[in-house]
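Participant: My file is query06.tsv. It has TSV, N, CA and C atoms:
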```
chain	number	residue	atom	x	y	z
N	239	MET	N	-28.95	-13.44	12.73
N	239	MET	CA	-28.05	-13.07	13.80
N	239	MET	C	-26.87	-14.03	13.92
N	240	ALA	N	-27.07	-15.29	13.61
N	240	ALA	CA	-25.99	-16.26	13.73
N	240	ALA	C	-24.85	-15.90	12.78
N	241	ALA	N	-25.19	-15.37	11.60
N	241	ALA	CA	-24.15	-15.01	10.64
N	241	ALA	C	-23.28	-13.88	11.19
N	242	ALA	N	-23.86	-12.94	11.90
N	242	ALA	CA	-23.09	-11.83	12.47
N	242	ALA	C	-22.10	-12.36	13.50
N	243	LYS	N	-22.50	-13.29	14.32
N	243	LYS	CA	-21.61	-13.88	15.31
N	243	LYS	C	-20.47	-14.62	14.62
N	244	LYS	N	-20.80	-15.33	13.56
N	244	LYS	CA	-19.79	-16.08	12.83
N	244	LYS	C	-18.76	-15.14	12.22
N	245	THR	N	-19.20	-14.01	11.65
N	245	THR	CA	-18.30	-13.02	11.07
N	245	THR	C	-17.40	-12.43	12.14
N	246	THR	N	-17.97	-12.07	13.27
N	246	THR	CA	-17.19	-11.49	14.36
N	246	THR	C	-16.15	-12.50	14.85
N	247	SER	N	-16.54	-13.74	14.98
N	247	SER	CA	-15.63	-14.79	15.43
N	247	SER	C	-14.50	-14.99	14.42
N	248	ALA	N	-14.83	-15.01	13.14
N	248	ALA	CA	-13.82	-15.19	12.11
N	248	ALA	C	-12.86	-14.02	12.10
N	249	ARG	N	-13.36	-12.81	12.30
N	249	ARG	CA	-12.53	-11.61	12.32
N	249	ARG	C	-11.58	-11.65	13.53
N	250	ALA	N	-12.09	-12.08	14.67
N	250	ALA	CA	-11.27	-12.18	15.88
N	250	ALA	C	-10.16	-13.22	15.71
N	251	LYS	N	-10.46	-14.29	14.99
N	251	LYS	CA	-9.43	-15.31	14.74
N	251	LYS	C	-8.35	-14.78	13.81
N	252	GLN	N	-8.77	-14.01	12.81
N	252	GLN	CA	-7.82	-13.46	11.84
N	252	GLN	C	-7.01	-12.31	12.44
N	253	HIS	N	-7.63	-11.54	13.32
N	253	HIS	CA	-7.00	-10.36	13.92
N	253	HIS	C	-7.16	-10.38	15.43
N	254	PRO	N	-6.40	-11.23	16.13
N	254	PRO	CA	-6.52	-11.29	17.60
N	254	PRO	C	-6.27	-9.95	18.29
N	255	ALA	N	-5.52	-9.06	17.65
N	255	ALA	CA	-5.25	-7.75	18.26
N	255	ALA	C	-6.54	-6.96	18.44
N	256	LYS	N	-7.49	-7.13	17.54
N	256	LYS	CA	-8.78	-6.43	17.67
N	256	LYS	C	-9.57	-6.94	18.86
N	257	ALA	N	-9.25	-8.15	19.30
N	257	ALA	CA	-9.90	-8.73	20.47
N	257	ALA	C	-9.06	-8.51	21.73
N	258	GLY	N	-8.07	-7.60	21.65
N	258	GLY	CA	-7.25	-7.28	22.81
N	258	GLY	C	-6.06	-8.19	23.01
N	259	GLN	N	-5.65	-8.92	21.98
N	259	GLN	CA	-4.51	-9.84	22.09
N	259	GLN	C	-3.47	-9.54	21.00
N	260	PRO	N	-2.84	-8.36	21.07
N	260	PRO	CA	-1.87	-8.02	20.02
N	260	PRO	C	-0.66	-8.96	19.97
N	261	GLU	N	-0.20	-9.44	21.12
N	261	GLU	CA	0.95	-10.35	21.12
N	261	GLU	C	0.61	-11.66	20.41
N	262	ALA	N	-0.63	-12.13	20.56
N	262	ALA	CA	-1.05	-13.35	19.87
N	262	ALA	C	-1.02	-13.14	18.36
N	263	GLU	N	-1.41	-11.96	17.91
N	263	GLU	CA	-1.39	-11.69	16.47
N	263	GLU	C	0.04	-11.62	15.95
N	264	VAL	N	0.94	-11.00	16.71
N	264	VAL	CA	2.35	-10.96	16.29
N	264	VAL	C	2.91	-12.37	16.21
N	265	THR	N	2.60	-13.21	17.19
N	265	THR	CA	3.07	-14.60	17.20
N	265	THR	C	2.55	-15.35	15.98
N	266	GLU	N	1.27	-15.22	15.68
N	266	GLU	CA	0.67	-15.93	14.55
N	266	GLU	C	1.25	-15.49	13.21
N	267	ARG	N	1.66	-14.24	13.13
N	267	ARG	CA	2.15	-13.70	11.86
N	267	ARG	C	3.67	-13.82	11.72
N	268	SER	N	4.35	-14.36	12.71
N	268	SER	CA	5.80	-14.47	12.69
N	268	SER	C	6.23	-15.90	12.42
N	269	ALA	N	6.74	-16.16	11.23
N	269	ALA	CA	7.14	-17.52	10.85
N	269	ALA	C	8.34	-18.03	11.64
N	270	ASP	N	9.23	-17.12	12.03
N	270	ASP	CA	10.45	-17.53	12.73
N	270	ASP	C	10.38	-17.30	14.23
N	271	GLY	N	9.21	-16.95	14.74
N	271	GLY	CA	9.04	-16.73	16.17
N	271	GLY	C	8.81	-15.27	16.49
N	272	SER	N	8.55	-15.03	17.76
N	272	SER	CA	8.35	-13.67	18.23
N	272	SER	C	8.73	-13.62	19.70
N	273	ASP	N	8.88	-12.41	20.18
N	273	ASP	CA	9.16	-12.18	21.60
N	273	ASP	C	8.28	-11.03	22.03
N	274	GLY	N	7.11	-11.34	22.54
N	274	GLY	CA	6.14	-10.29	22.86
N	274	GLY	C	5.67	-9.65	21.57
N	275	MET	N	5.94	-8.36	21.45
N	275	MET	CA	5.54	-7.61	20.26
N	275	MET	C	6.68	-7.53	19.23
N	276	ARG	N	7.78	-8.22	19.49
N	276	ARG	CA	8.92	-8.22	18.57
N	276	ARG	C	8.77	-9.33	17.53
N	277	PHE	N	8.80	-8.95	16.28
N	277	PHE	CA	8.80	-9.87	15.15
N	277	PHE	C	10.23	-10.37	14.97
N	278	VAL	N	10.40	-11.66	14.81
N	278	VAL	CA	11.72	-12.27	14.64
N	278	VAL	C	11.85	-12.81	13.22
N	279	LYS	N	12.97	-12.52	12.60
N	279	LYS	CA	13.27	-13.04	11.26
N	279	LYS	C	14.65	-13.69	11.30
N	280	GLU	N	14.74	-14.89	10.75
N	280	GLU	CA	16.01	-15.61	10.69
N	280	GLU	C	16.45	-15.78	9.25
N	281	PHE	N	17.74	-15.62	9.03
N	281	PHE	CA	18.35	-15.82	7.72
N	281	PHE	C	19.41	-16.90	7.88
N	282	VAL	N	19.55	-17.74	6.88
N	282	VAL	CA	20.61	-18.74	6.87
N	282	VAL	C	21.55	-18.38	5.72
N	283	VAL	N	22.83	-18.24	6.06
N	283	VAL	CA	23.84	-17.86	5.07
N	283	VAL	C	25.01	-18.83	5.14
N	284	LEU	N	25.79	-18.87	4.09
N	284	LEU	CA	27.01	-19.67	4.10
N	284	LEU	C	28.03	-18.96	4.99
N	285	ALA	N	28.55	-19.68	5.96
N	285	ALA	CA	29.51	-19.10	6.91
N	285	ALA	C	30.74	-18.56	6.19
N	286	ALA	N	31.19	-19.23	5.15
N	286	ALA	CA	32.39	-18.81	4.42
N	286	ALA	C	32.21	-17.47	3.72
N	287	ARG	N	30.96	-17.10	3.42
N	287	ARG	CA	30.70	-15.84	2.71
N	287	ARG	C	30.26	-14.72	3.64
N	288	TRP	N	30.06	-15.04	4.91
N	288	TRP	CA	29.58	-14.04	5.87
N	288	TRP	C	30.79	-13.41	6.55
N	289	ASN	N	30.95	-12.09	6.38
N	289	ASN	CA	32.08	-11.42	7.02
N	289	ASN	C	31.63	-10.35	8.00
N	290	ASP	N	30.33	-10.37	8.35
N	290	ASP	CA	29.80	-9.50	9.41
N	290	ASP	C	29.98	-8.01	9.10
N	291	GLU	N	29.90	-7.65	7.83
N	291	GLU	CA	30.05	-6.25	7.44
N	291	GLU	C	28.70	-5.54	7.54
N	292	ASP	N	28.75	-4.23	7.74
N	292	ASP	CA	27.53	-3.44	7.91
N	292	ASP	C	26.56	-3.60	6.76
N	293	TYR	N	27.07	-3.63	5.52
N	293	TYR	CA	26.16	-3.72	4.38
N	293	TYR	C	25.37	-5.02	4.39
N	294	GLN	N	25.97	-6.10	4.92
N	294	GLN	CA	25.24	-7.37	5.00
N	294	GLN	C	24.12	-7.26	6.03
N	295	HIS	N	24.41	-6.67	7.16
N	295	HIS	CA	23.37	-6.49	8.18
N	295	HIS	C	22.27	-5.56	7.67
N	296	GLU	N	22.65	-4.51	6.95
N	296	GLU	CA	21.66	-3.56	6.43
N	296	GLU	C	20.64	-4.26	5.54
N	297	ALA	N	21.12	-5.13	4.66
N	297	ALA	CA	20.21	-5.87	3.77
N	297	ALA	C	19.29	-6.78	4.58
N	298	ASN	N	19.81	-7.44	5.59
N	298	ASN	CA	18.98	-8.32	6.42
N	298	ASN	C	17.99	-7.53	7.26
N	299	ARG	N	18.40	-6.37	7.74
N	299	ARG	CA	17.46	-5.52	8.50
N	299	ARG	C	16.31	-5.05	7.60
N	300	ALA	N	16.65	-4.66	6.38
N	300	ALA	CA	15.61	-4.24	5.42
N	300	ALA	C	14.69	-5.42	5.11
N	301	GLY	N	15.26	-6.60	4.95
N	301	GLY	CA	14.46	-7.80	4.70
N	301	GLY	C	13.55	-8.14	5.87
N	302	THR	N	14.02	-7.88	7.08
N	302	THR	CA	13.22	-8.15	8.27
N	302	THR	C	11.98	-7.26	8.31
N	303	VAL	N	12.15	-5.95	8.10
N	303	VAL	CA	10.97	-5.07	8.13
N	303	VAL	C	10.07	-5.33	6.94
N	304	ASN	N	10.64	-5.66	5.79
N	304	ASN	CA	9.82	-5.98	4.62
N	304	ASN	C	8.92	-7.18	4.90
N	305	GLU	N	9.49	-8.23	5.47
N	305	GLU	CA	8.68	-9.41	5.75
N	305	GLU	C	7.61	-9.13	6.80
N	306	ALA	N	7.95	-8.36	7.82
N	306	ALA	CA	6.95	-8.00	8.84
N	306	ALA	C	5.77	-7.29	8.19
N	307	ILE	N	6.06	-6.34	7.31
N	307	ILE	CA	4.99	-5.61	6.61
N	307	ILE	C	4.16	-6.57	5.76
N	308	GLN	N	4.82	-7.47	5.04
N	308	GLN	CA	4.11	-8.43	4.20
N	308	GLN	C	3.21	-9.34	5.02
N	309	ARG	N	3.55	-9.54	6.29
N	309	ARG	CA	2.76	-10.41	7.17
N	309	ARG	C	1.72	-9.64	7.98
N	310	GLY	N	1.51	-8.37	7.66
N	310	GLY	CA	0.46	-7.61	8.32
N	310	GLY	C	0.87	-6.97	9.64
N	311	LEU	N	2.17	-6.74	9.80
N	311	LEU	CA	2.68	-6.09	11.00
N	311	LEU	C	3.40	-4.81	10.60
N	312	HIS	N	3.30	-3.78	11.44
N	312	HIS	CA	3.99	-2.53	11.15
N	312	HIS	C	5.19	-2.39	12.09
N	313	PRO	N	6.40	-2.49	11.54
N	313	PRO	CA	7.61	-2.35	12.35
N	313	PRO	C	7.75	-0.93	12.90
N	314	ARG	N	8.36	-0.85	14.07
N	314	ARG	CA	8.62	0.45	14.71
N	314	ARG	C	10.07	0.49	15.18
N	315	GLY	N	10.79	1.50	14.79
N	315	GLY	CA	12.14	1.69	15.29
N	315	GLY	C	13.18	0.85	14.58
N	316	LYS	N	14.30	0.69	15.27
N	316	LYS	CA	15.45	-0.01	14.69
N	316	LYS	C	15.33	-1.51	14.81
N	317	VAL	N	15.87	-2.19	13.81
N	317	VAL	CA	15.94	-3.65	13.81
N	317	VAL	C	17.22	-4.03	14.55
N	318	SER	N	17.11	-4.96	15.46
N	318	SER	CA	18.30	-5.39	16.19
N	318	SER	C	18.81	-6.73	15.64
N	319	PHE	N	20.12	-6.87	15.67
N	319	PHE	CA	20.77	-8.14	15.34
N	319	PHE	C	20.90	-8.88	16.67
N	320	ASP	N	20.23	-10.02	16.78
N	320	ASP	CA	20.14	-10.73	18.05
N	320	ASP	C	21.10	-11.91	18.17
N	321	GLY	N	21.94	-12.11	17.17
N	321	GLY	CA	22.96	-13.15	17.28
N	321	GLY	C	22.98	-14.10	16.12
N	322	GLN	N	23.96	-15.00	16.19
N	322	GLN	CA	24.14	-16.00	15.14
N	322	GLN	C	24.49	-17.33	15.77
N	323	GLU	N	24.16	-18.40	15.02
N	323	GLU	CA	24.46	-19.77	15.48
N	323	GLU	C	24.97	-20.57	14.30
N	324	MET	N	26.06	-21.28	14.53
N	324	MET	CA	26.54	-22.20	13.49
N	324	MET	C	25.54	-23.34	13.39
N	325	GLN	N	25.22	-23.74	12.19
N	325	GLN	CA	24.25	-24.81	11.97
N	325	GLN	C	24.94	-26.17	12.00
N	326	PRO	N	24.17	-27.24	12.24
N	326	PRO	CA	24.74	-28.58	12.35
N	326	PRO	C	25.55	-29.02	11.13
N	327	ASP	N	25.27	-28.43	9.96
N	327	ASP	CA	26.01	-28.84	8.77
N	327	ASP	C	27.46	-28.32	8.77
N	328	GLY	N	27.76	-27.41	9.68
N	328	GLY	CA	29.10	-26.84	9.78
N	328	GLY	C	29.45	-25.85	8.69
N	329	LEU	N	28.51	-25.59	7.80
N	329	LEU	CA	28.74	-24.68	6.67
N	329	LEU	C	27.89	-23.41	6.74
N	330	SER	N	26.80	-23.48	7.49
N	330	SER	CA	25.82	-22.40	7.48
N	330	SER	C	25.72	-21.72	8.84
N	331	LEU	N	25.39	-20.44	8.77
N	331	LEU	CA	25.10	-19.66	9.97
N	331	LEU	C	23.64	-19.25	9.96
N	332	LEU	N	22.99	-19.32	11.09
N	332	LEU	CA	21.65	-18.78	11.25
N	332	LEU	C	21.82	-17.42	11.90
N	333	LEU	N	21.30	-16.38	11.27
N	333	LEU	CA	21.36	-15.01	11.77
N	333	LEU	C	19.96	-14.61	12.22
N	334	ARG	N	19.85	-14.04	13.41
N	334	ARG	CA	18.54	-13.70	13.96
N	334	ARG	C	18.43	-12.18	14.17
N	335	TYR	N	17.34	-11.62	13.65
N	335	TYR	CA	17.04	-10.19	13.77
N	335	TYR	C	15.64	-10.04	14.35
N	336	SER	N	15.38	-8.91	14.99
N	336	SER	CA	14.03	-8.66	15.48
N	336	SER	C	13.73	-7.17	15.47
N	337	VAL	N	12.44	-6.87	15.45
N	337	VAL	CA	12.00	-5.48	15.45
N	337	VAL	C	10.65	-5.41	16.17
N	338	GLU	N	10.46	-4.35	16.93
N	338	GLU	CA	9.18	-4.10	17.60
N	338	GLU	C	8.12	-3.85	16.54
N	339	THR	N	6.92	-4.37	16.74
N	339	THR	CA	5.86	-4.21	15.74
N	339	THR	C	4.53	-3.85	16.39
N	340	VAL	N	3.62	-3.40	15.55
N	340	VAL	CA	2.22	-3.18	15.89
N	340	VAL	C	1.41	-3.89	14.82
N	341	PRO	N	0.44	-4.73	15.20
N	341	PRO	CA	-0.40	-5.34	14.16
N	341	PRO	C	-1.09	-4.25	13.33
N	342	ALA	N	-1.04	-4.38	12.03
N	342	ALA	CA	-1.65	-3.38	11.14
N	342	ALA	C	-3.14	-3.21	11.44
N	343	SER	N	-3.77	-4.27	11.91
N	343	SER	CA	-5.22	-4.22	12.17
N	343	SER	C	-5.60	-3.25	13.28
N	344	VAL	N	-4.64	-2.88	14.13
N	344	VAL	CA	-4.94	-1.95	15.24
N	344	VAL	C	-3.97	-0.77	15.27
N	345	ASP	N	-3.26	-0.54	14.18
N	345	ASP	CA	-2.28	0.55	14.15
N	345	ASP	C	-2.98	1.87	13.90
N	346	HIS	N	-2.92	2.74	14.89
N	346	HIS	CA	-3.55	4.06	14.77
N	346	HIS	C	-2.59	5.12	14.23
N	347	HIS	N	-1.33	4.74	14.04
N	347	HIS	CA	-0.32	5.66	13.50
N	347	HIS	C	0.54	4.95	12.45
N	348	PRO	N	-0.08	4.51	11.34
N	348	PRO	CA	0.68	3.77	10.33
N	348	PRO	C	1.81	4.59	9.71
N	349	GLU	N	1.72	5.90	9.80
N	349	GLU	CA	2.78	6.75	9.25
N	349	GLU	C	4.10	6.59	10.01
N	350	ASP	N	4.06	5.98	11.19
N	350	ASP	CA	5.27	5.74	11.99
N	350	ASP	C	5.95	4.42	11.65
N	351	THR	N	5.45	3.72	10.66
N	351	THR	CA	5.99	2.42	10.28
N	351	THR	C	7.41	2.56	9.72
N	352	THR	N	8.31	1.72	10.22
N	352	THR	CA	9.66	1.64	9.67
N	352	THR	C	9.58	0.81	8.40
N	353	THR	N	10.13	1.35	7.32
N	353	THR	CA	10.08	0.66	6.02
N	353	THR	C	11.49	0.23	5.61
N	354	PRO	N	11.59	-0.67	4.63
N	354	PRO	CA	12.92	-1.03	4.13
N	354	PRO	C	13.71	0.20	3.67
N	355	ARG	N	13.01	1.13	3.10
N	355	ARG	CA	13.68	2.36	2.62
N	355	ARG	C	14.25	3.16	3.79
N	356	THR	N	13.51	3.20	4.91
N	356	THR	CA	14.01	3.88	6.10
N	356	THR	C	15.28	3.19	6.59
N	357	VAL	N	15.28	1.87	6.61
N	357	VAL	CA	16.42	1.08	7.10
N	357	VAL	C	17.67	1.35	6.27
N	358	THR	N	17.51	1.45	4.96
N	358	THR	CA	18.67	1.61	4.08
N	358	THR	C	19.08	3.07	3.90
N	359	GLY	N	18.39	3.97	4.58
N	359	GLY	CA	18.76	5.37	4.50
N	359	GLY	C	18.22	6.08	3.28
N	360	GLY	N	17.28	5.46	2.58
N	360	GLY	CA	16.71	6.07	1.38
N	360	GLY	C	15.66	7.11	1.67
N	361	GLU	N	15.26	7.26	2.92
N	361	GLU	CA	14.27	8.25	3.31
N	361	GLU	C	14.94	9.26	4.21
N	362	GLY	N	14.60	10.48	4.10
N	362	GLY	CA	15.25	11.41	5.00
N	362	GLY	C	14.87	12.75	4.82
```
Would you write the structure of this file as structure tokens?
Facilitator:
Amino acid sequence: MAAAKKTTSARAKQHPAKAGQPEAEVTERSADGSDGMRFVKEFVVLAARWNDEDYQHEANRAGTVNEAIQRGLHPRGKVSFDGQEMQPDGLSLLLRYSVETVPASVDHHPEDTTTPRTVTGGEG
């Protein structure tokens, strides 16, 4: 019986959403932070090469949902651009994006997952 408790405990640590803590799971799986159920992804680019064009944002939005999926989260809906900050080196910009997510461990509608292909308009 002790082994069963240990397995349940290990599973709860790996998937807090199964224990009723989905926000904790999003936080643990988000390297750049989270805001509730929103997965946050940050990119650092050279300020001189960043011209804030749609195609640049599209690539970063696709990268944001791709990383969320790789980290065991299912993105839902549109990725938002949450702002930029000049870095202390004076050469780089930090760009911040976020997307609402559902932990894959408790996703009852995985077919609703936003994919990089959806972001780039390759699905339709």
Participant: Considering only C-alpha atoms, give me a table of residues in segment 272-325 of chain N that are at most 9 Å from segment 339-362 of chain N, with the closest atom pair and distance in Å for each, as JSON lines.
Facilitator:
```
{"residue": "N:Met275", "atom": "CA", "partner": "N:Thr339", "partner_atom": "CA", "distance": 5.7}
{"residue": "N:Arg276", "atom": "CA", "partner": "N:Thr339", "partner_atom": "CA", "distance": 5.8}
{"residue": "N:Phe277", "atom": "CA", "partner": "N:Thr339", "partner_atom": "CA", "distance": 6.4}
{"residue": "N:Glu296", "atom": "CA", "partner": "N:Thr358", "partner_atom": "CA", "distance": 6.4}
{"residue": "N:Ala297", "atom": "CA", "partner": "N:Thr358", "partner_atom": "CA", "distance": 7.6}
{"residue": "N:Arg299", "atom": "CA", "partner": "N:Val357", "partner_atom": "CA", "distance": 6.8}
{"residue": "N:Ala300", "atom": "CA", "partner": "N:Pro354", "partner_atom": "CA", "distance": 4.4}
{"residue": "N:Gly301", "atom": "CA", "partner": "N:Pro354", "partner_atom": "CA", "distance": 7.0}
{"residue": "N:Thr302", "atom": "CA", "partner": "N:Pro354", "partner_atom": "CA", "distance": 8.2}
{"residue": "N:Val303", "atom": "CA", "partner": "N:Pro354", "partner_atom": "CA", "distance": 6.0}
{"residue": "N:Asn304", "atom": "CA", "partner": "N:Pro354", "partner_atom": "CA", "distance": 5.9}
{"residue": "N:Ala306", "atom": "CA", "partner": "N:Thr339", "partner_atom": "CA", "distance": 7.9}
{"residue": "N:Ile307", "atom": "CA", "partner": "N:Thr353", "partner_atom": "CA", "distance": 8.1}
{"residue": "N:Gly310", "atom": "CA", "partner": "N:Ala342", "partner_atom": "CA", "distance": 5.5}
{"residue": "N:Leu311", "atom": "CA", "partner": "N:Pro341", "partner_atom": "CA", "distance": 4.5}
{"residue": "N:His312", "atom": "CA", "partner": "N:Val340", "partner_atom": "CA", "distance": 5.1}
{"residue": "N:Pro313", "atom": "CA", "partner": "N:Thr339", "partner_atom": "CA", "distance": 4.2}
{"residue": "N:Arg314", "atom": "CA", "partner": "N:Thr352", "partner_atom": "CA", "distance": 5.3}
{"residue": "N:Gly315", "atom": "CA", "partner": "N:Thr352", "partner_atom": "CA", "distance": 6.1}
{"residue": "N:Lys316", "atom": "CA", "partner": "N:Val357", "partner_atom": "CA", "distance": 7.7}
{"residue": "N:Val317", "atom": "CA", "partner": "N:Val357", "partner_atom": "CA", "distance": 8.2}
```
Participant: Write down as a ChimeraX atom specification the residues of segment 244-360 of chain N whose backbone DSSP state falls under alpha helix (DSSP H).
Facilitator: /N:244-252,260-267,292-308,354-357
Participant: Store the residues of this selection in a file with N, CA and C atoms, as an mmCIF file, in the frame of the given file.
Facilitator:
```cif
data_model
loop_
_atom_site.group_PDB
_atom_site.id
_atom_site.type_symbol
_atom_site.label_atom_id
_atom_site.label_comp_id
_atom_site.auth_asym_id
_atom_site.auth_seq_id
_atom_site.Cartn_x
_atom_site.Cartn_y
_atom_site.Cartn_z
ATOM 1 N N LYS N 244 -20.800 -15.330 13.560
ATOM 2 C CA LYS N 244 -19.790 -16.080 12.830
ATOM 3 C C LYS N 244 -18.760 -15.140 12.220
ATOM 4 N N THR N 245 -19.200 -14.010 11.650
ATOM 5 C CA THR N 245 -18.300 -13.020 11.070
ATOM 6 C C THR N 245 -17.400 -12.430 12.140
ATOM 7 N N THR N 246 -17.970 -12.070 13.270
ATOM 8 C CA THR N 246 -17.190 -11.490 14.360
ATOM 9 C C THR N 246 -16.150 -12.500 14.850
ATOM 10 N N SER N 247 -16.540 -13.740 14.980
ATOM 11 C CA SER N 247 -15.630 -14.790 15.430
ATOM 12 C C SER N 247 -14.500 -14.990 14.420
ATOM 13 N N ALA N 248 -14.830 -15.010 13.140
ATOM 14 C CA ALA N 248 -13.820 -15.190 12.110
ATOM 15 C C ALA N 248 -12.860 -14.020 12.100
ATOM 16 N N ARG N 249 -13.360 -12.810 12.300
ATOM 17 C CA ARG N 249 -12.530 -11.610 12.320
ATOM 18 C C ARG N 249 -11.580 -11.650 13.530
ATOM 19 N N ALA N 250 -12.090 -12.080 14.670
ATOM 20 C CA ALA N 250 -11.270 -12.180 15.880
ATOM 21 C C ALA N 250 -10.160 -13.220 15.710
ATOM 22 N N LYS N 251 -10.460 -14.290 14.990
ATOM 23 C CA LYS N 251 -9.430 -15.310 14.740
ATOM 24 C C LYS N 251 -8.350 -14.780 13.810
ATOM 25 N N GLN N 252 -8.770 -14.010 12.810
ATOM 26 C CA GLN N 252 -7.820 -13.460 11.840
ATOM 27 C C GLN N 252 -7.010 -12.310 12.440
ATOM 28 N N PRO N 260 -2.840 -8.360 21.070
ATOM 29 C CA PRO N 260 -1.870 -8.020 20.020
ATOM 30 C C PRO N 260 -0.660 -8.960 19.970
ATOM 31 N N GLU N 261 -0.200 -9.440 21.120
ATOM 32 C CA GLU N 261 0.950 -10.350 21.120
ATOM 33 C C GLU N 261 0.610 -11.660 20.410
ATOM 34 N N ALA N 262 -0.630 -12.130 20.560
ATOM 35 C CA ALA N 262 -1.050 -13.350 19.870
ATOM 36 C C ALA N 262 -1.020 -13.140 18.360
ATOM 37 N N GLU N 263 -1.410 -11.960 17.910
ATOM 38 C CA GLU N 263 -1.390 -11.690 16.470
ATOM 39 C C GLU N 263 0.040 -11.620 15.950
ATOM 40 N N VAL N 264 0.940 -11.000 16.710
ATOM 41 C CA VAL N 264 2.350 -10.960 16.290
ATOM 42 C C VAL N 264 2.910 -12.370 16.210
ATOM 43 N N THR N 265 2.600 -13.210 17.190
ATOM 44 C CA THR N 265 3.070 -14.600 17.200
ATOM 45 C C THR N 265 2.550 -15.350 15.980
ATOM 46 N N GLU N 266 1.270 -15.220 15.680
ATOM 47 C CA GLU N 266 0.670 -15.930 14.550
ATOM 48 C C GLU N 266 1.250 -15.490 13.210
ATOM 49 N N ARG N 267 1.660 -14.240 13.130
ATOM 50 C CA ARG N 267 2.150 -13.700 11.860
ATOM 51 C C ARG N 267 3.670 -13.820 11.720
ATOM 52 N N ASP N 292 28.750 -4.230 7.740
ATOM 53 C CA ASP N 292 27.530 -3.440 7.910
ATOM 54 C C ASP N 292 26.560 -3.600 6.760
ATOM 55 N N TYR N 293 27.070 -3.630 5.520
ATOM 56 C CA TYR N 293 26.160 -3.720 4.380
ATOM 57 C C TYR N 293 25.370 -5.020 4.390
ATOM 58 N N GLN N 294 25.970 -6.100 4.920
ATOM 59 C CA GLN N 294 25.240 -7.370 5.000
ATOM 60 C C GLN N 294 24.120 -7.260 6.030
ATOM 61 N N HIS N 295 24.410 -6.670 7.160
ATOM 62 C CA HIS N 295 23.370 -6.490 8.180
ATOM 63 C C HIS N 295 22.270 -5.560 7.670
ATOM 64 N N GLU N 296 22.650 -4.510 6.950
ATOM 65 C CA GLU N 296 21.660 -3.560 6.430
ATOM 66 C C GLU N 296 20.640 -4.260 5.540
ATOM 67 N N ALA N 297 21.120 -5.130 4.660
ATOM 68 C CA ALA N 297 20.210 -5.870 3.770
ATOM 69 C C ALA N 297 19.290 -6.780 4.580
ATOM 70 N N ASN N 298 19.810 -7.440 5.590
ATOM 71 C CA ASN N 298 18.980 -8.320 6.420
ATOM 72 C C ASN N 298 17.990 -7.530 7.260
ATOM 73 N N ARG N 299 18.400 -6.370 7.740
ATOM 74 C CA ARG N 299 17.460 -5.520 8.500
ATOM 75 C C ARG N 299 16.310 -5.050 7.600
ATOM 76 N N ALA N 300 16.650 -4.660 6.380
ATOM 77 C CA ALA N 300 15.610 -4.240 5.420
ATOM 78 C C ALA N 300 14.690 -5.420 5.110
ATOM 79 N N GLY N 301 15.260 -6.600 4.950
ATOM 80 C CA GLY N 301 14.460 -7.800 4.700
ATOM 81 C C GLY N 301 13.550 -8.140 5.870
ATOM 82 N N THR N 302 14.020 -7.880 7.080
ATOM 83 C CA THR N 302 13.220 -8.150 8.270
ATOM 84 C C THR N 302 11.980 -7.260 8.310
ATOM 85 N N VAL N 303 12.150 -5.950 8.100
ATOM 86 C CA VAL N 303 10.970 -5.070 8.130
ATOM 87 C C VAL N 303 10.070 -5.330 6.940
ATOM 88 N N ASN N 304 10.640 -5.660 5.790
ATOM 89 C CA ASN N 304 9.820 -5.980 4.620
ATOM 90 C C ASN N 304 8.920 -7.180 4.900
ATOM 91 N N GLU N 305 9.490 -8.230 5.470
ATOM 92 C CA GLU N 305 8.680 -9.410 5.750
ATOM 93 C C GLU N 305 7.610 -9.130 6.800
ATOM 94 N N ALA N 306 7.950 -8.360 7.820
ATOM 95 C CA ALA N 306 6.950 -8.000 8.840
ATOM 96 C C ALA N 306 5.770 -7.290 8.190
ATOM 97 N N ILE N 307 6.060 -6.340 7.310
ATOM 98 C CA ILE N 307 4.990 -5.610 6.610
ATOM 99 C C ILE N 307 4.160 -6.570 5.760
ATOM 100 N N GLN N 308 4.820 -7.470 5.040
ATOM 101 C CA GLN N 308 4.110 -8.430 4.200
ATOM 102 C C GLN N 308 3.210 -9.340 5.020
ATOM 103 N N PRO N 354 11.590 -0.670 4.630
ATOM 104 C CA PRO N 354 12.920 -1.030 4.130
ATOM 105 C C PRO N 354 13.710 0.200 3.670
ATOM 106 N N ARG N 355 13.010 1.130 3.100
ATOM 107 C CA ARG N 355 13.680 2.360 2.620
ATOM 108 C C ARG N 355 14.250 3.160 3.790
ATOM 109 N N THR N 356 13.510 3.200 4.910
ATOM 110 C CA THR N 356 14.010 3.880 6.100
ATOM 111 C C THR N 356 15.280 3.190 6.590
ATOM 112 N N VAL N 357 15.280 1.870 6.610
ATOM 113 C CA VAL N 357 16.420 1.080 7.100
ATOM 114 C C VAL N 357 17.670 1.350 6.270
#
```
Participant: To one decimal in Å, tell me the separation between atom CA of Ser268 of chain N and atom CA of Ala286 of chain N.
Facilitator: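 One can read the atom CA of Ser268 of chain N to atom CA of Ala286 of chain N distance as 28.2 Å.
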Participant: Can you tell me which residues surround Asp320 of chain N at a distance of at most 7 Å, considering all atoms listed in the file, apart from same-chain residues fewer than 4 positions away, and format the answer as a list in words?
Facilitator: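 Contacts, with the query itself left out: Leu333, Arg334, Tyr335 and Ser336 of chain N.
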Participant: Would you kindly return, as a VMD selection string, each protein, DNA or RNA residue with an atom no farther than 6.5 Å from any atom of Leu331 of chain N, considering all atoms listed in the file and excluding same-chain residues fewer than 6 positions away?
Facilitator: chain N and resid 281 to 285 322 to 325
Participant: Which distance in Å separates atom C of Arg267 of chain N and atom C of Glu280 of chain N, to one decimal?
Facilitator: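 If I compute the distance from atom C of Arg267 of chain N to atom C of Glu280 of chain N, I get 13.2 Å.
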Participant: What's the separation between atom C of Trp288 of chain N and atom C of Val264 of chain N, in Å to one decimal place?
Facilitator: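 Interatomic distance, atom C of Trp288 of chain N to atom C of Val264 of chain N: 29.5 Å.
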Participant: Find the residue from N:Asn298, N:Asp327, N:Pro260, N:Pro254 that sits nearest to Asp273 of chain N; use only C-alpha atoms when measuring.
Facilitator: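 Closest to Asp273 of chain N of all the choices is N:Pro260.
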